[in-house]
Amino acid sequence: MVATELGKELAIRGHEVHFISYALPIRLTVTDRIFFHEVEVLAYPLFEYPPYDLVLATKMAEVTSRYNLEILHVHYAIPHSISAYLAKMMLSERRVPFVTTLHGTDITLVGNDRSYLPITRFGIEQSDAVTAVSQYLKQRTVDEFQIRRQISVIPNFVNCDVYSRSSDRSLRQRFAGDNEAIFIHISNFRPVKRIEDVIAVFARVRHECPAKLLLVGDGPERPKAEWLAETQGVSRDVLFMGKQSDMAPFLSIADILLLPSENESFGLVALEAMACEVPVIATNIGGLPEVVEHEEDGFLLGLGDVAGMAEASLRIIKNPNLRNEMGKTARQHALRDFCATKIVRHYEELYLQTIEESSRRV
């Protein structure tokens, strides 16, 4: 999603942007400045699993040569930085530089399986420039891999024109009555998102005041969420929305975002909620404290502190003035520090600097 929004913003600024992937990104529309190149992975009888990283490298080199690309930007060190490195070696006559952005799963992968550490470190070190989406992720990368090269922190961003508070009551009335609060949780329903805490917090709140919970997304923990909602007696007030290509309309009508994750390298959904004037109840962990200001934009609590999150939620719901004040503060914070108009400029500057440095080395 970050790569897609970045490409769209760059195209608006007059750049030509080529997406290289096995599938068209969900939020991407091809225009006269945006191109999509599909990486077709065919079965290869010698191997049990198709060699996607090699096919990707070949496609990168092909597209770079055909369209005279000036720079490659890959997201996640594994496998994409390795594929970009191979493509760069294949294009030996013109060494096109590549930028690697670390989003967090790169580090988690190595944490779960140390055998990935050497190849991940190699991808980071061979990149012409490296960015991380938060100071937390930068420091963890340095500590985990003993990286000594420069890593630039460029945070995730939000289009503040797209993500804003809705004054249209009709969408809100589809999901909740006038006296009901709307909670929202958006994720890929993986264990790290702690969907059990989302349901537990909402159940405590629901027993004290009327409310609805919108669960947007899908993933392996959805059956667990459905079972928990049923066993805790709130299934009628928990609405499973499934995967959505456009989150803005749902966030624009919500009263509170619940994000009790075990880890977040940044917390993009928290930022999107803030831009929509939605207070955030989240864990005080990872990169979230760099996005959400405690007791200003919402509340940050300890991992697994269901009681504290429920108490903070009720404090907001029972005090409309506090909810409105926090929402407006969150919006101003997003406008000040995380709008696309500000952040994308940093990427442009990094691209130009990297291209210039690469041309000097050649």
# chains A, B, ... in the order shown; residues from 1 in each chain; ligands from 1
>>> select_by_dssp(residues="stretch 59-150 of chain A", states="alpha helix (DSSP H)", output="ChimeraX atom specification")
/A:59-67,82-90,105-112,117-126,135-145
>>> write_last_selection(atoms="C-alpha atoms", output="mmCIF file, in the first residue's frame")
data_model
loop_
_atom_site.group_PDB
_atom_site.id
_atom_site.type_symbol
_atom_site.label_atom_id
_atom_site.label_comp_id
_atom_site.auth_asym_id
_atom_site.auth_seq_id
_atom_site.Cartn_x
_atom_site.Cartn_y
_atom_site.Cartn_z
ATOM 1 C CA LYS A 59 11.912 -8.662 -15.188
ATOM 2 C CA MET A 60 13.560 -5.770 -13.315
ATOM 3 C CA ALA A 61 16.501 -5.807 -15.714
ATOM 4 C CA GLU A 62 14.225 -6.102 -18.745
ATOM 5 C CA VAL A 63 11.947 -3.206 -17.739
ATOM 6 C CA THR A 64 14.888 -1.043 -16.680
ATOM 7 C CA SER A 65 16.585 -1.520 -20.037
ATOM 8 C CA ARG A 66 13.463 -1.147 -22.177
ATOM 9 C CA TYR A 67 12.131 1.980 -20.474
ATOM 10 C CA ILE A 82 18.481 -9.339 -3.700
ATOM 11 C CA SER A 83 16.517 -9.349 -6.948
ATOM 12 C CA ALA A 84 17.389 -5.674 -7.479
ATOM 13 C CA TYR A 85 21.079 -6.439 -6.863
ATOM 14 C CA LEU A 86 20.990 -9.230 -9.470
ATOM 15 C CA ALA A 87 19.224 -6.950 -11.960
ATOM 16 C CA LYS A 88 21.859 -4.300 -11.360
ATOM 17 C CA MET A 89 24.639 -6.828 -12.069
ATOM 18 C CA MET A 90 22.849 -7.942 -15.241
ATOM 19 C CA THR A 105 8.788 -7.889 8.363
ATOM 20 C CA ASP A 106 12.387 -8.020 7.159
ATOM 21 C CA ILE A 107 13.464 -7.935 10.809
ATOM 22 C CA THR A 108 10.709 -10.293 11.987
ATOM 23 C CA LEU A 109 11.769 -12.867 9.405
ATOM 24 C CA VAL A 110 15.313 -12.908 10.724
ATOM 25 C CA GLY A 111 14.024 -12.989 14.292
ATOM 26 C CA ASN A 112 12.093 -16.150 13.487
ATOM 27 C CA LEU A 117 20.457 -12.988 8.550
ATOM 28 C CA PRO A 118 23.457 -13.119 6.150
ATOM 29 C CA ILE A 119 21.390 -12.683 2.975
ATOM 30 C CA THR A 120 19.269 -9.922 4.519
ATOM 31 C CA ARG A 121 22.366 -8.061 5.692
ATOM 32 C CA PHE A 122 23.892 -8.482 2.230
ATOM 33 C CA GLY A 123 20.791 -6.985 0.565
ATOM 34 C CA ILE A 124 20.860 -4.005 2.922
ATOM 35 C CA GLU A 125 24.587 -3.404 2.487
ATOM 36 C CA GLN A 126 24.497 -3.695 -1.305
ATOM 37 C CA GLN A 135 13.403 5.458 14.118
ATOM 38 C CA TYR A 136 12.433 2.310 16.005
ATOM 39 C CA LEU A 137 12.888 0.161 12.889
ATOM 40 C CA LYS A 138 16.167 1.862 11.989
ATOM 41 C CA GLN A 139 17.629 1.196 15.435
ATOM 42 C CA ARG A 140 16.403 -2.378 15.498
ATOM 43 C CA THR A 141 17.945 -2.976 12.073
ATOM 44 C CA VAL A 142 21.275 -1.557 13.227
ATOM 45 C CA ASP A 143 21.193 -3.701 16.381
ATOM 46 C CA GLU A 144 19.967 -6.879 14.683
ATOM 47 C CA PHE A 145 22.332 -6.821 11.717
#
>>> select_by_dssp(residues="stretch 7-158 of chain A", states="strand (DSSP E)", output="PyMOL selection string")
chain A and resi 17-21+34-38+72-75+98-102+129-132+152-153
>>> write_last_selection(atoms="C-alpha atoms", output="CSV table (one decimal), in the first residue's frame")
chain,number,residue,atom,x,y,z
A,17,VAL,CA,6.6,5.2,-12.5
A,18,HIS,CA,6.8,1.5,-13.3
A,19,PHE,CA,5.4,-1.1,-10.9
A,20,ILE,CA,7.0,-4.6,-11.2
A,21,SER,CA,5.1,-7.3,-9.3
A,34,ILE,CA,1.9,4.8,-14.2
A,35,PHE,CA,2.8,1.4,-15.8
A,36,PHE,CA,2.4,-2.1,-14.5
A,37,HIS,CA,4.6,-5.1,-15.4
A,38,GLU,CA,3.5,-8.5,-14.3
A,72,LEU,CA,14.8,1.1,-8.8
A,73,HIS,CA,12.9,1.3,-5.4
A,74,VAL,CA,12.3,-2.0,-3.7
A,75,HIS,CA,10.2,-2.6,-0.6
A,98,PHE,CA,18.4,0.8,-6.2
A,99,VAL,CA,16.8,2.0,-2.9
A,100,THR,CA,15.6,-0.5,-0.3
A,101,THR,CA,12.8,0.5,2.1
A,102,LEU,CA,12.6,-1.6,5.3
A,129,ALA,CA,20.4,3.8,-0.3
A,130,VAL,CA,18.3,2.4,2.5
A,131,THR,CA,15.3,3.8,4.3
A,132,ALA,CA,13.3,2.7,7.3
A,152,SER,CA,17.5,7.3,6.3
A,153,VAL,CA,14.2,7.5,8.2
>>> residues_around(residues="stretch 251-266 of chain A", least_positions_apart="5", cutoff="6 Å", atoms="only C-alpha atoms", output="ChimeraX atom specification")
/A:104,134,137,165-166,172,182-185,192-194,273,276,278-283,286-288
>>> write_last_selection(atoms="N, CA and C atoms", output="PDB file, in the first residue's frame")
ATOM      1  N   GLY A 104       9.668  -3.699   8.220  1.00  0.00           N
ATOM      2  CA  GLY A 104       9.539  -4.361   9.512  1.00  0.00           C
ATOM      3  C   GLY A 104       9.546  -5.868   9.438  1.00  0.00           C
ATOM      4  N   SER A 134      10.573   4.118  10.420  1.00  0.00           N
ATOM      5  CA  SER A 134      10.542   4.720  11.755  1.00  0.00           C
ATOM      6  C   SER A 134      11.931   4.652  12.381  1.00  0.00           C
ATOM      7  N   LEU A 137      12.469   1.190  13.833  1.00  0.00           N
ATOM      8  CA  LEU A 137      12.888   0.161  12.889  1.00  0.00           C
ATOM      9  C   LEU A 137      14.345   0.349  12.475  1.00  0.00           C
ATOM     10  N   ARG A 165     -12.457  13.656   7.878  1.00  0.00           N
ATOM     11  CA  ARG A 165     -13.716  13.342   8.556  1.00  0.00           C
ATOM     12  C   ARG A 165     -14.895  13.540   7.611  1.00  0.00           C
ATOM     13  N   SER A 166     -15.837  12.618   7.644  1.00  0.00           N
ATOM     14  CA  SER A 166     -17.021  12.723   6.796  1.00  0.00           C
ATOM     15  C   SER A 166     -18.150  13.435   7.534  1.00  0.00           C
ATOM     16  N   ARG A 172     -22.662   6.273   8.077  1.00  0.00           N
ATOM     17  CA  ARG A 172     -22.621   5.899   9.498  1.00  0.00           C
ATOM     18  C   ARG A 172     -23.918   5.212   9.918  1.00  0.00           C
ATOM     19  N   ILE A 182     -18.947   3.891  17.199  1.00  0.00           N
ATOM     20  CA  ILE A 182     -18.387   2.973  16.208  1.00  0.00           C
ATOM     21  C   ILE A 182     -16.898   2.793  16.473  1.00  0.00           C
ATOM     22  N   PHE A 183     -16.530   1.550  16.800  1.00  0.00           N
ATOM     23  CA  PHE A 183     -15.131   1.163  16.914  1.00  0.00           C
ATOM     24  C   PHE A 183     -14.707   0.533  15.584  1.00  0.00           C
ATOM     25  N   ILE A 184     -13.429   0.631  15.270  1.00  0.00           N
ATOM     26  CA  ILE A 184     -12.947   0.033  14.033  1.00  0.00           C
ATOM     27  C   ILE A 184     -11.572  -0.589  14.260  1.00  0.00           C
ATOM     28  N   HIS A 185     -11.356  -1.714  13.621  1.00  0.00           N
ATOM     29  CA  HIS A 185     -10.042  -2.362  13.604  1.00  0.00           C
ATOM     30  C   HIS A 185      -9.778  -2.791  12.169  1.00  0.00           C
ATOM     31  N   VAL A 192      -0.041 -11.464  15.206  1.00  0.00           N
ATOM     32  CA  VAL A 192       0.638 -10.289  15.748  1.00  0.00           C
ATOM     33  C   VAL A 192      -0.322  -9.127  15.993  1.00  0.00           C
ATOM     34  N   LYS A 193      -1.477  -9.130  15.328  1.00  0.00           N
ATOM     35  CA  LYS A 193      -2.457  -8.056  15.501  1.00  0.00           C
ATOM     36  C   LYS A 193      -3.332  -8.242  16.737  1.00  0.00           C
ATOM     37  N   ARG A 194      -3.263  -9.414  17.363  1.00  0.00           N
ATOM     38  CA  ARG A 194      -3.959  -9.702  18.623  1.00  0.00           C
ATOM     39  C   ARG A 194      -5.458  -9.393  18.543  1.00  0.00           C
ATOM     40  N   ALA A 273      -6.231   6.797  10.470  1.00  0.00           N
ATOM     41  CA  ALA A 273      -7.319   7.120  11.396  1.00  0.00           C
ATOM     42  C   ALA A 273      -7.177   8.537  11.925  1.00  0.00           C
ATOM     43  N   CYS A 276      -8.398  11.155   9.806  1.00  0.00           N
ATOM     44  CA  CYS A 276      -9.861  11.186   9.785  1.00  0.00           C
ATOM     45  C   CYS A 276     -10.457  11.614  11.125  1.00  0.00           C
ATOM     46  N   VAL A 278      -9.903  10.415  14.130  1.00  0.00           N
ATOM     47  CA  VAL A 278     -10.289   9.272  14.959  1.00  0.00           C
ATOM     48  C   VAL A 278      -9.218   9.030  16.024  1.00  0.00           C
ATOM     49  N   PRO A 279      -9.544   9.159  17.309  1.00  0.00           N
ATOM     50  CA  PRO A 279      -8.579   8.831  18.365  1.00  0.00           C
ATOM     51  C   PRO A 279      -8.155   7.364  18.277  1.00  0.00           C
ATOM     52  N   VAL A 280      -6.914   7.098  18.641  1.00  0.00           N
ATOM     53  CA  VAL A 280      -6.338   5.759  18.516  1.00  0.00           C
ATOM     54  C   VAL A 280      -6.075   5.173  19.900  1.00  0.00           C
ATOM     55  N   ILE A 281      -6.543   3.947  20.108  1.00  0.00           N
ATOM     56  CA  ILE A 281      -6.204   3.180  21.307  1.00  0.00           C
ATOM     57  C   ILE A 281      -5.268   2.074  20.841  1.00  0.00           C
ATOM     58  N   ALA A 282      -4.003   2.133  21.263  1.00  0.00           N
ATOM     59  CA  ALA A 282      -3.004   1.211  20.737  1.00  0.00           C
ATOM     60  C   ALA A 282      -2.008   0.822  21.808  1.00  0.00           C
ATOM     61  N   THR A 283      -1.133  -0.120  21.466  1.00  0.00           N
ATOM     62  CA  THR A 283      -0.064  -0.531  22.366  1.00  0.00           C
ATOM     63  C   THR A 283       1.109   0.440  22.273  1.00  0.00           C
ATOM     64  N   GLY A 286       6.960  -0.645  19.591  1.00  0.00           N
ATOM     65  CA  GLY A 286       7.466  -0.473  18.238  1.00  0.00           C
ATOM     66  C   GLY A 286       7.522   0.983  17.813  1.00  0.00           C
ATOM     67  N   GLY A 287       7.031   1.258  16.599  1.00  0.00           N
ATOM     68  CA  GLY A 287       7.059   2.610  16.073  1.00  0.00           C
ATOM     69  C   GLY A 287       5.819   3.420  16.378  1.00  0.00           C
ATOM     70  N   LEU A 288       4.843   2.834  17.065  1.00  0.00           N
ATOM     71  CA  LEU A 288       3.590   3.548  17.331  1.00  0.00           C
ATOM     72  C   LEU A 288       3.772   4.838  18.129  1.00  0.00           C
TER      73      LEU A 288
END
>>> residues_around(residues="stretch 234-236 of chain A", least_positions_apart="4", cutoff="8 Å", atoms="only C-alpha atoms", output="tab-separated table (two decimals) with N, CA and C atoms, in the first residue's frame")
chain	number	residue	atom	x	y	z
A	203	ALA	N	-15.87	-5.99	23.97
A	203	ALA	CA	-16.88	-6.64	24.80
A	203	ALA	C	-17.04	-5.90	26.12
A	206	ARG	N	-18.87	-2.67	25.33
A	206	ARG	CA	-20.26	-2.92	24.91
A	206	ARG	C	-21.16	-3.24	26.09
A	226	GLU	N	-14.52	-14.49	15.04
A	226	GLU	CA	-15.95	-14.81	14.99
A	226	GLU	C	-16.36	-15.62	16.21
A	229	ALA	N	-16.30	-13.36	19.39
A	229	ALA	CA	-17.45	-12.46	19.43
A	229	ALA	C	-18.70	-13.20	19.89
A	230	GLU	N	-18.83	-14.44	19.45
A	230	GLU	CA	-19.99	-15.25	19.83
A	230	GLU	C	-19.93	-15.62	21.31
>>> residues_around(residues="A:Glu296", least_positions_apart="6", cutoff="10 Å", atoms="only C-alpha atoms", output="PyMOL selection string")
chain A and resi 279-280+322+325-330+333
>>> closest_residue(among="A:Leu69, A:Glu277, A:Arg149, A:Pro320", to="A:Asn179", atoms="only C-alpha atoms")
A:Pro320
>>> atom_distance(atom1="atom CA of A:Leu215", atom2="atom CA of A:Met241")
5.8 Å
>>> closest_residue(among="A:Met274, A:Leu42, A:Leu214, A:Ala310", to="A:Ser187", atoms="only C-alpha atoms")
A:Leu214
>>> residues_around(residues="stretch 29-32 of chain A", least_positions_apart="4", cutoff="12 Å", atoms="only C-alpha atoms", output="PyMOL selection string")
chain A and resi 4-5+7-8+11-12+14-19+24-25+36-37+245
>>> atom_distance(atom1="atom CA of A:Ser92", atom2="atom CA of A:Pro51")
22.4 Å
>>> closest_residue(among="A:Val162, A:Phe175, A:Ile147, A:Ala181", to="A:Asn319", atoms="only C-alpha atoms")
A:Ala181
